[in-house]
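**Q** Structure in C-alpha cells, see below.
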Amino acid sequence: MKVRVSLLYRYPWLTIGVILAITLFFAFQIPRIELDNDPFHFIPEEHPERLAFKETEDQFGEALGIVVGIETEVGTIFSPEVLSFVDALTREIESLEEVEEVTSLTNTDYIAPTTEGMEVVPIIEDPTDPVQIARLKERLLSWEMYEGVLYSPDFRGTQIIVPIKSSTTEDERQHVYFAIKDFIARTPHPHMRTYIAGTPAVTVLISTNMQKDLVLLIPLVIGVLVLVLALSFRKPGGVILPLTTVIISTIWTVGLMALLGIKLSLIGTVLPVVMMAVGSAYGIHIISHYYDLIRERGGRVNEEEHDAIVASIVQHIGKSIFLAALTTMVGFGSLASSQVRPIQEFGIFSAFGVLVALVVAVTFIPALLIARHRALQVRLNNRKVEKEDLADRFMLFLYTLFSQKKGSILLFALVVVIVGIYGTTLLDKDNVLIDYFRPGTEIREADRFFRERFVGTKTFEIVVEGTERGALTNPEVLKAMEDLTLYLKDKFPEVKKVVSFTDFLKRINQVLNAPPEHETPVTAEPAPAASSAPEESPGLPFSFFEEEGTEDGLFFFEEEGTAKGAAASERAAPPSAERAPAPQGVTTLTREEFLTILNQAYALAPRADISAAELVRLIDRALNWRGASYYEIPYDPAKYPVETREELANLISQYLLLYSGSLSAWIDDAIEPSKAKMTVQLATSSSIRAYEIAREAEEYARAHFPEGYTIRTSGQAKVEYALTELIVKSQTISIAVSLGLVFLILVVTFRSIAAGIYGLIPLGITVLINFGVMGLTGIRLDIPTSMVASLAIGIGIDYAIHFMNYYHRERISTGDREKATRNSMKGVGKAILFNAVSVAAGFLVLLLSQFVPIAYMGLLIALTMATSSAASITLLPAIFAIKEAAFLRRADTTHHTGGTP
C-alpha cells in the first residue's frame with residue numbers, strides 16, 4: 001500500500017493533468033444533454049397501464065391535451081369581442097404542424113334539424129354576427145354535452161381543447177405551448193384573462209423551470225459550500241480543495257449522462273446539488289486530518305515530512321473513506337432497483353458520482369497538496385499553531401455534556417422512535433404533478449380555474465368492447481353505458497362529466513323525433529327591440545303573459561269559473577281595450593295545468609336537490625319541447641316504430657348512416673362499431689382518487705353490463721396512479737436493499753454482527769424521523785421525497801462508519817474507553833460536524849427551488865443529515881458506554897492503527 005501511494009504521488013502534476021483532461025472532455029458533453037419530464041416516460045414501456053394507454057390512443061386518437069381557457073371580466077362570452085378572439089386563437093393553433101384537431105366554441109360541430117332529418121354543421125359561422133351569436137347560445141343550451149366543456153355555467157368562460165399525442169417530443173410540446181403564449185401576448189384581448197393547463201403544458205413548464213433552478217441553485221450551493229468550508233477551516237486550501245473535488249465529480253457525472261444520451265428529468269435538478277453536497281465529504285475528511293497532522297508538528301514541516309504526511313493520510317483514514325463511499329454508493333445505487341426511470345437513472349449516476357468523488361479525493365487532492373507545497377518551497381505555516389482550535393473546544397464541550405447524560409440520550413431516542421412510527425402511519429402517498437408547482441403560480445391558478453369552472457384537466461377512458469361487429473348498436477349495452485355514467489356522477493362528486501358515443505346517439509334521436517319547425521332559421525335581420533310585444537318561439541305549446549301590477553306576480557294564470565280569476569283578468573286587461581288574444585297555436589295554461597307540468601317534470605328528477613337548469617330540462621322532457629323527451633338511448637320498443645329491442649339496434653345503425661360527422665374519437669367503426677370509448681373527466685388532482693373511481697367503474701360494469709361485453713380503463717389518470725404505485729414500491733425495495741447491503745458491508749468489514757447493528761441504529765432512527773416528519777407535517781410522498789430515505793442511508797451511514805472506525809482505532813491505541821470516546825469526539829467528531837453542516841447547508845439551498853417537492857426534499861435531507869450525524873456522535877458513544885462490543889477492542893491488522901507518522 002505504501003509503495004503504491006508513493007508511486008501515485010511521485011508525479012503529482014501528471015495525476016493533476018490526467019484528471020483535468022478527463023474533466024474537460026466531460027465538460028464538452030454537457031451542452032448536448034436533453035430534458036424530459038413526461039410522466040408517461042417515467043414508467044416502463046411494458047407496464048400494463050402504459051400499454052393500455054397506447055392501445056386506446058392508437059384506436060381512438062389523442063388522449064392528452066393542452067387546454068386554453070378564456071374568461072371575460074365584463075359581460076359574457078357571447079359577445080363579438082370574445083368570440084372573435086376565440087376564433088382567431090383557434091385558427092392560430094390549427095395552423096401549427098404538431099396539432100391535428102382543435103375543439104373550441106367557434107369551430108365545434110352541431111347536430112341541427114332539417115326538413116329531411118338532420119345535418120352536422122358548424123355551431124357558428126360568423127362570430128361577429130349578433131343574430132348568430134344569439135343562436136350560438138341557444139344551440140349550446142340545447143345539448144347538455146357542451147356544458148362544462150365549451151362554456152362555464154356562468155357564461156363567463158370558455159375553453160379550447162388542443163389534443164397532443166403522447167409520442168410528441170419535448171421540443172414539439174414546447175413549440176405548441178409557447179406558440180399559444182406568443183399569440184395571446186401579441187393579440188389584444190381587453191377585459192379577458194387566459195389560462196393554459198393540461199399535462200403537456202405541465203411537462204413543458206417543469207422543463208423550463210428546471211433550467212431556472214439549475215441557473216439559480218448551482219451557484220448558490222457553491223457559495224454556501226464555500227462559506228461553510230471557510231468557516232470550518234479558515235484557510236484557502238480548506239475551501240479550494242474540497243470544492244475542486246465536487247466540481248470535478250459533478251462535471252463527470254452530468255457529462256456521462258449527456259454522452260450516453262440519458263435525458264435529464266426534474267430529479268436531475270438535484271443531481272448537481274447532491275454531488276456538490278455529498279462529494280465534499282471525502283475532501284473534507286482528508287483536509288481536516290491534514291491540518292490536524294500539520295498542527296501536531298507545530299506547523300513546521302519540510303518537503304519530505306510533508307509528502308509523508310500526505311501519504312499517511314490515505315493510509316490513516318483510507319478505510320473509513322472507502323467504506324463511507326462504498327456505503328453511500330450502495331444507498332444511492334439501491335435507487336437503481338426502481339422501475340421509475342428518473343429514480344433509476346438518478347441512483348445509477350449518483351453512485352457513479354460518489355465513486356468519482358472518492359477517486360478524486362484520494363488522488364487529485366493529495367497530488368495538489370504535494371504539488372502546491374513543492375511549488376511554494378516554503379513551509380505550510382511558519383508559525384506555531386495552537387493545539388486546540390474553536391472546533392476542538394466545542395467538540396470537547398459536547399463530549400462533557402453527553403457523557404453525563406447517557407440514560408437521557410437513550411430515553412430521548414426511544415421517544416423519537418415512537419413519534420416517528422406514529423407519524424409514518426399518517427403519510428400521504430401520491431404523485432400529483434400540478435402540486436409540484438408553488439401555490440399562486442400561473443399553472444396552479446390555471447388548473448384551479450379549470451377544476452372550478454369547467455370539468456377539470458384529469459381524465460381516464462373506459463373502453464367498452466363487444467365480441468362482434470356492430471355489437472355497440474345493441475340498446476342493452478348502450479343503456480348500461482348510460483347507467484354507468486349516471487352512477488359515477490351520482491356517487492363521486494369529482495366526476496364532473498362523462499362524454500361518450502351515447503351523447504351523440506341521444507342527440508340524433510332527439511333531433512329526428514322533434515316536432516317540425518323547432519329551430520328558427522338564422523337570418524340577418526336584427527333581433528326585436530326590447531319594447532316589442534312578446535313573441536313566442538315556433539312550436540311553443542303554452543304561454544305565460546307578463547302583466548305588471550297583478551297580485552299573482554310576474555305571470556298571469558287564467559282560472560276560469562272563479563271570481564279571483566275573473567277579477568285578475570279584469571285587472572290585467574288594458575284600459576279602454578280588451579286583452580289581446582293569445583297568438584295562434586299557443587295555449588294559455590291554467591294554474592292547475594302549469595303546476596301539473598311542474599310536478600310531472602319534477603317526478604322525472606333522479607334526486608330531490610336539482611338546480612333550476614335541471615328543472616327546465618325536465619320540463620322540456622315532460623312537454624317534449626324540441627324533442628327533449630327523446631334525448632335518450634332508444635330502449636323502449638313501445639315508444640318507437642319497432643316491435644322488438646333487437647330492431648332498435650337497426651334503428652341505431654340507421655342513425656349512424658345519417659350522421660355525417662366523424663365519430664372516430666368515440667367508436668372504432670362508423671357504421672358497425674364493436675368498441676366505444678367513454679371519457680371520464682375529473683375535477684380532482686389526486687391520482688389515487690382517480691384510480692378508485694376507475695376501479696369502481698370496472699366493478700360496476702362486471703355486475704351490470706350484459707354478457708359478451710367487457711370494459712377496460714386506461715388513460716392519463718391511470719398512468720399517474722401506476723407511477724404512484726411504482727414510487728411506493730421502489731422506495732420500499734430501495735430502503736430494504738440499502739439497509740441490507742450496508743449491514744452486510746459493516747459485518748464483513750469489522751467481522752462482527754454487532755458492528756452491523758451499531759451502524760443501523762442511527763440510520764433507523766434517521767429514516768423514522770424522516771417519515772414521521774413527513775406524516776406529521778403533511779409532506780406528500782412523491783418522486784423527489786421518496787428518494788430521501790435512500791439518500792439519507794447512503795449519506796448518513798458515513799458518520800457512523802467514521803465514528804466507529806476512529807473509535808476502534810483509539811480504543812486499541814489508548815486501551816481506555818473514556819479516552820477513546822474523548823479523542824473520537826475531538827478528532828473525527830469535528831470532521832463529522834463540518835461535513836454534516838456543509839451537506840445540510842448545500843441541500844437547504846433547494847428550498848429556493850421552483851418546485852415544492854424539491855424544496856421539501858432539500859429540507860428533509862438537511863434534517864436527516866442533522867439527525868444522522870447527531871445520532872452518530874451522541875447515541876453511539878452512549879451505547880458503547882453501556883455495551884461495548886468485542887470487535888471495538890479487537891486489533892485490526894488490515895490497516896494502520898497507529899498514530900501519526
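Labeling convention for the C-alpha cells: chains A, B, ... as they appear, residues from 1 per chain, ligands from 1 in order of appearance.
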Extract, using only C-alpha atoms, all DNA, RNA and protein residues at most 10 Å from A:Lys830, discarding same-chain residues fewer than 6 positions from it, and format them as JSON, numbers by chain.
**A** {"A": [232, 285, 288, 391, 392, 393, 394, 395, 396, 824, 836, 873]}
**Q** So that I can check the surroundings of A:Glu465, please list as number ranges by chain every protein, DNA and RNA residue that reaches within 7 Å of it, counting only C-alpha atoms and ignoring chain neighbours fewer than 2 positions away.
**A** A: 463, 467, 674-676, 709-711
**Q** Within 8 Å of A:Lys137, counting only C-alpha atoms, which residues show up once you throw out same-chain ones fewer than 4 positions away? Write them as a PyMOL selection string, please.
**A** chain A and resi 78+133+141
**Q** Next, the residues of the selection above should be written as a PDB file, in the first residue's frame with N, CA and C atoms.
**A**
ATOM      1  N   PHE A  78     -70.675  35.533 -24.875  1.00  0.00           N
ATOM      2  CA  PHE A  78     -71.488  35.709 -26.076  1.00  0.00           C
ATOM      3  C   PHE A  78     -71.434  37.167 -26.533  1.00  0.00           C
ATOM      4  N   ILE A 133     -74.710  34.928 -32.921  1.00  0.00           N
ATOM      5  CA  ILE A 133     -74.261  34.803 -31.532  1.00  0.00           C
ATOM      6  C   ILE A 133     -75.426  34.396 -30.635  1.00  0.00           C
ATOM      7  N   LEU A 141     -77.167  25.593 -25.331  1.00  0.00           N
ATOM      8  CA  LEU A 141     -78.077  25.171 -24.259  1.00  0.00           C
ATOM      9  C   LEU A 141     -78.953  23.997 -24.681  1.00  0.00           C
TER      10      LEU A 141
END
**Q** Using Å and a single decimal, report how far atom CA of A:Ala514 sits from atom CA of A:Trp625.
**A**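 So the two atoms, atom CA of A:Trp625 and atom CA of A:Ala514, lie 7.7 Å apart.
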**Q** Tell me which protein, DNA and RNA residues are within 8 Å of stretch 677-692 of chain A, counting only C-alpha atoms, leaving out same-chain ones fewer than 4 positions away, and put them as a PDB file with C-alpha atoms, in the first residue's frame.
**A**
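And here is the file that came out, part_3.pdb:
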ATOM      1  CA  PHE A  60     -59.353   6.494 -30.738  1.00  0.00           C
ATOM      2  CA  ASP A 430     -49.497  10.405  -4.107  1.00  0.00           C
ATOM      3  CA  ASN A 431     -47.638  11.908  -7.048  1.00  0.00           C
ATOM      4  CA  VAL A 432     -49.553  14.989  -8.228  1.00  0.00           C
ATOM      5  CA  ILE A 434     -49.651  20.040 -10.682  1.00  0.00           C
ATOM      6  CA  PHE A 450     -60.497  24.501 -14.996  1.00  0.00           C
ATOM      7  CA  ARG A 451     -61.427  22.398 -11.968  1.00  0.00           C
ATOM      8  CA  GLU A 452     -63.792  25.023 -10.537  1.00  0.00           C
ATOM      9  CA  VAL A 455     -64.777  19.763 -15.733  1.00  0.00           C
ATOM     10  CA  GLY A 456     -61.095  19.609 -14.753  1.00  0.00           C
ATOM     11  CA  THR A 457     -57.986  18.534 -16.623  1.00  0.00           C
ATOM     12  CA  LYS A 458     -57.566  14.969 -15.337  1.00  0.00           C
ATOM     13  CA  THR A 459     -59.286  12.186 -17.298  1.00  0.00           C
ATOM     14  CA  PHE A 460     -59.412   8.471 -17.799  1.00  0.00           C
ATOM     15  CA  GLU A 461     -61.050   6.389 -20.512  1.00  0.00           C
ATOM     16  CA  ILE A 462     -63.457   3.483 -20.324  1.00  0.00           C
ATOM     17  CA  VAL A 463     -63.365   1.298 -23.419  1.00  0.00           C
ATOM     18  CA  VAL A 464     -66.415  -0.928 -23.927  1.00  0.00           C
ATOM     19  CA  GLU A 494     -65.204  14.577  -8.549  1.00  0.00           C
ATOM     20  CA  VAL A 495     -66.813  13.180 -11.713  1.00  0.00           C
ATOM     21  CA  LYS A 496     -67.977  16.326 -13.455  1.00  0.00           C
ATOM     22  CA  LYS A 497     -68.720  14.863 -16.850  1.00  0.00           C
ATOM     23  CA  VAL A 498     -68.674  11.632 -18.809  1.00  0.00           C
ATOM     24  CA  VAL A 499     -68.605  12.071 -22.581  1.00  0.00           C
ATOM     25  CA  SER A 500     -69.211   9.093 -24.838  1.00  0.00           C
ATOM     26  CA  PHE A 501     -70.707   7.726 -28.029  1.00  0.00           C
ATOM     27  CA  ALA A 665     -62.741   9.529 -31.406  1.00  0.00           C
ATOM     28  CA  TRP A 666     -65.549   7.508 -29.814  1.00  0.00           C
ATOM     29  CA  ILE A 667     -66.159   4.304 -31.843  1.00  0.00           C
ATOM     30  CA  GLU A 696     -65.454   1.349  -9.185  1.00  0.00           C
ATOM     31  CA  ALA A 717     -55.113   9.287 -14.508  1.00  0.00           C
ATOM     32  CA  LYS A 718     -54.417   5.541 -14.574  1.00  0.00           C
ATOM     33  CA  GLU A 720     -50.253   8.620 -12.989  1.00  0.00           C
ATOM     34  CA  TYR A 721     -51.599   6.185 -10.401  1.00  0.00           C
ATOM     35  CA  THR A 724     -47.513   6.463  -7.668  1.00  0.00           C
TER      36      THR A 724
END
**Q** Can you tell me which residues surround A:Gly69 at a distance of at most 8 Å, considering only C-alpha atoms, apart from same-chain residues fewer than 6 positions away, and format the answer as a list in words?
**A**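 Skipping anything fewer than 6 positions along the chain leaves Gly157, Thr158, Gln159, Ile160, Thr194, Tyr195, Ile196, Ala446 and Phe450 of chain A.
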**Q** Find the spatial neighbours of stretch 748-761 of chain A, counting only C-alpha atoms, within a cut-off of 10 Å - ignore same-chain residues fewer than 6 positions away - and output them as a PyMOL selection string.
**A** chain A and resi 319+323+739-742+793+796-801+803-805+808+868+871-872+875-876+879-880+884-888+890+892+894
**Q** Mind pulling up the distance from atom CA of A:Arg341 to atom CA of A:Phe42?
**A**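 Calculated distance between atom CA of A:Phe42 and atom CA of A:Arg341 is 4.9 Å.
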**Q** When DSSP works through the backbone of this structure, what residues of stretch 176-399 of chain A end up as strand (DSSP E), shown as number ranges by chain?
**A** A: 192-197
